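Heads up: the structure comes next, in C-alpha cells.
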Amino acid sequence: VMFTSGSTGRPKGVQITHRSMMNFLVAMRDMPGLALDDVLLAVTTVSFDISVLELYLPLLCGARVVIATTEEVVDGGRLLALLEAERVTIMQATPATWRLMLATGWKRTPGLTILCGGEALPWDLANRLCERAAAVWNMYGPTETTVWSSVKRVDAPGSFAADRSPVTLGRPIDNTQLHVLDAAMRPSPVGVAGELYIGGAGVSPGYFKQQERTRERFVDDPFASVSGMVLYRTGDRVVRLADGDLKFLGRTDFQAKLRGHRIELGEIEGALDAQDGIDHSVVLVREDAPGDQRLVAYYTASATGLVDPATVRAALRQRLPDYMVPSIFVALDAFPLTPNAKIDRAALPPPRAGGGDASPAAEAPPQGALEGEIARIWCEALGRDEVGREDNFFDLGGHSLLLMQVYNRLRLLVDIELQVVDLFRFPTITSLGQFLQPFAV
C-alpha cells in the first residue's frame with residue numbers, strides 16, 4: 001500500500017498486488033532495460049512509488065544498486081561525484097534532481113542511461129540531458145497503475161528546443177493499455193483532446209478502505225475481452241498524435257506535480273482558508289522562470305485582521321508536509337473572474353506584480369560585510385530587492401535548485417569545505433553568517 005495526498009485532507013492508500021509489480025519489473029527489465037553488468041544509483045525515498053524500480057529491479061536482474069544518502073541526494077555536486085565514483089550506468093530521478101546536477105556544471109557521463117519521471121519533462125531539460133548521457137527516457141505513470149505505465153526514449157536532442165510543451169508520454173509498457181476518452185467514455189480521435197484512462201495488468205484493486213473514492217476513479221473497462229477488468233481515470237488531459245504518442249496537456253482537476261511530489265491544491269487551499277485573517281485562497285504551481293517552480297498562495301484577507309505569512313506557514317506545517325507549504329503569499333483585493341463568474345486562475349498575477357509577502361528587511365537589515373554579501377547572493381537567486389537577516393531562505397521561495405546557486409557562490413567567500421547540508425542547517429542570514437564568519441576570506 002502506497003499512500004498519496006488526497007483533496008479531502010486524508011491520504012489515499014493505493015493497493016498494489018505482487019502480480020502488478022512483477023509485470024512492471026519484467027517490462028522495465030526489457031525496456032528501458034537492465035542487465036547483469038549494470039549499476040543503478042538509487043536516489044528516491046521509499047515513500048515515493050518509483051523507489052520500487054530502484055530497489056527491486058536490480059535484484060530481479062542481478063545488477064548492482066548504490067543507495068545515495070539523504071545528504072548526497074540534496075547536493076548535486078556530491079551526487080555527481082557518487083555517480084562517477086561508482087561508475088553508475090543507470091539512474092532514475094525527477095526533473096528537479098536532474099536540474100540540481102546540471103547546476104553543478106556537469107559535462108557528460110558516457111554510458112549513462114537516464115530515466116526521468118514524476119512530473120512533465122520539458123524539452124529544454126531533455127535536450128541538456130541528451131547531451132550528457134548515452135540514453136534518456138521519459139517515464140509516465142500514476143501510483144494507481146503501478147509506477148510507470150508508458151515510456152518514451154528521447155533521441156532527437158535539439159530538434160524541439162523552441163517547444164515549451166513537455167516531451168510526449170510515449171507508448172504503454174507490456175500488458176498495459178492507454179485510452180484517450182471523451183466525457184461519454186468514447187475514444188477521442190487522433191488530434192482531439194480527452195482524458196487518459198489506463199487499463200491492464202498494472203491497475204490497482206483500488207484505495208485501501210475507501211470504496212467510494214475507488215468507485216470514482218476505477219471504472220469498468222468497456223474495451224476488455226473478459227469481464228471484471230477496470231480502467232483507472234488518471235485525471236490527465238492528453239491528445240493522441242498521428243504517430244501514436246500521447247501529448248500531455250494538463251490536469252482535468254487542480255492536482256499538480258511539484259519537484260516530483262504529487263499534490264492536490266484543494267488540500268492546501270482548505271488548510272489556508274482555515275487560518276485567521278484569510279477569507280479565501282487559491283494556490284498555484286507557477287514557473288515564471290524556466291525550471292523554477294514555486295507554490296504560490298493567493299488570498300483575500302478577512303475583515304478581522306492582518307495576515308502574517310510567517311505565522312501562516314508555521315500553522316500549515318502542523319497540517320501539511322513541507323513540500324505542500326506555499327513559498328510565496330500574494331494578497332489580493334479581489335480575485336479575477338471569468339465571464340461565468342468563476343475564479344480565473346490563468347489571470348492571477350505573477351508574485352512580484354501581486355506584491356508577494358513582504359520581508360522584514362527594513363526592520364532587520366543584514367549587518368556587516370559577510371551578511372551583506374550573503375544577502376546579495378540570496379537576492380539574486382530569489383529575485384528580490386532586499387531580504388532581512390532573520391528571513392528563512394525557504395520561506396522566501398527558496399528550494400533545492402536555487403540553493404545550489406547560492407552554494408556555488410558562497411564557496412568563493414569562505415576558506416572551508418562547505419557542504420550543501422550546511423545551508424539547510426543555517427537557513428537565515430544571521431545563522432549562516434555566524435557559521436561562516438570564522439572562515440571568511
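Chain labels A, B, ... are given in the sequence in which chains occur in the C-alpha cells; within each chain residues are numbered consecutively from 1, and ligands are likewise numbered from 1 in the order shown.
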>> When you look at Val180 in chain A with a cut-off of 12 Å (counting only C-alpha atoms), what residues show up, excluding the ones that are within fewer than 3 positions of it in the same chain? I need them as a ChimeraX atom specification.
In response: /A:177,183-199,231-241,244-248
> Residues of range 124-351 of chain A in strand (DSSP E) according to DSSP, as an MDAnalysis selection string?
Replying inline: chainID A and resid 135:140 150:154 171:172 176:181 194:200 206:207 218:220 230:240 246:251 255:258 261:264 278:289 292:301 328:331
> Counting only C-alpha atoms, what is within 8 Å of range 85-93 of chain A, bar same-chain residues fewer than 5 positions away, as a ChimeraX atom specification?
Replying inline: /A:38-44,54,66,98,111-118
> Hey, what does DSSP flag as alpha helix (DSSP H) within range 192-418 of chain A? Can you give it to me as a VMD selection string?
Replying inline: chain A and resid 211 to 217 265 to 273 309 to 316 351 to 354 368 to 382 400 to 410
>> Neighbouring residues of range 407-419 of chain A were defined as those with any atom within 8 Å, considering only C-alpha atoms; residues of the same chain fewer than 2 positions away were excluded. Please report them as a count of residues only.
In response: 14
>> For a quick check of understanding, using only C-alpha atoms, which of A:Leu258, A:Ala334, A:Ile263, A:Asp344 has the smallest distance to His280 in chain A?
In response: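 Under the stated criterion, the closest residue is A:Ala334.
For Ser20 in chain A, the set of protein, DNA and RNA residues having any atom at most 8 Å away, when counting only C-alpha atoms and skipping those fewer than 2 positions along the same chain, is Ile16, Thr17, His18, Met22, Asn23, Phe24, Thr146, Ala201, Gly202, Val203 and Ser204 of chain A.
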> Any idea what's packed within 12 Å of Arg286 in chain A, counting only C-alpha atoms, ignoring anything in its chain fewer than 3 positions away? Could you give it as an MDAnalysis selection string?
Replying inline: chainID A and resid 256:259 283 289:298 326:328 345:346 348:351 397
>> Between CA of Ser149 in chain A and CA of Tyr323 in chain A, what is the distance in Å, rounded to a tenth?
In response: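 Between these atoms lies a distance of 25.1 Å.
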>> For a test of reading the model, state the distance in Å between CA of Glu267 in chain A and CA of Val1 in chain A, rounded to one decimal.
In response: 21.2 Å
> Do you know which residues are at most 8 Å from range 307-309 of chain A counting only C-alpha atoms, after dropping those on the same chain fewer than 2 positions away, and could you put them as number ranges by chain?
Replying inline: A: 276-278, 301, 305, 311-313, 329, 357
Write the residues of the selection above to a file with N, CA and C atoms, as a short mmCIF file (atom, residue, chain, number, x, y, z; two decimals), in the first residue's frame.
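Printed below is again24.cif as written:
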data_model
loop_
_atom_site.label_atom_id
_atom_site.label_comp_id
_atom_site.auth_asym_id
_atom_site.auth_seq_id
_atom_site.Cartn_x
_atom_site.Cartn_y
_atom_site.Cartn_z
N ASP A 276 -6.72 32.20 10.53
CA ASP A 276 -7.26 33.50 10.91
C ASP A 276 -6.78 34.58 9.94
N GLY A 277 -7.67 35.43 9.53
CA GLY A 277 -7.31 36.55 8.68
C GLY A 277 -7.46 36.28 7.20
N ILE A 278 -7.61 35.00 6.79
CA ILE A 278 -7.75 34.67 5.37
C ILE A 278 -9.21 34.38 5.06
N ALA A 301 -7.96 38.89 2.25
CA ALA A 301 -7.99 38.94 3.71
C ALA A 301 -9.42 39.16 4.20
N GLY A 305 -8.55 41.02 10.48
CA GLY A 305 -7.17 41.36 10.82
C GLY A 305 -6.20 41.14 9.68
N THR A 311 3.60 33.40 10.14
CA THR A 311 2.71 32.72 11.09
C THR A 311 1.85 31.68 10.39
N VAL A 312 1.37 32.02 9.20
CA VAL A 312 0.54 31.09 8.44
C VAL A 312 1.36 29.87 8.03
N ARG A 313 2.60 30.09 7.59
CA ARG A 313 3.46 28.95 7.21
C ARG A 313 3.67 28.01 8.39
N PHE A 329 3.35 34.22 -0.75
CA PHE A 329 1.98 34.62 -0.49
C PHE A 329 1.71 35.95 -1.20
N ASP A 357 4.67 38.31 -0.37
CA ASP A 357 4.78 38.62 1.06
C ASP A 357 6.01 39.45 1.34
#
> In Å, how far is it from CA of Arg78 in chain A to CA of Met324 in chain A?
Replying inline: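 These atoms are spaced 26.4 Å apart.
When only C-alpha atoms are used to measure the gap to Trp123 in chain A, the shortest distance among A:Val167, A:Gly105, A:Arg99, A:Leu59 belongs to A:Val167.
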>> Using only C-alpha atoms, can you tell me which of A:Arg317, A:Arg64, A:His261, A:Arg376 comes closest to Ser47 in chain A?
In response: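 Distance minimum relative to Ser47 in chain A lands on A:His261.
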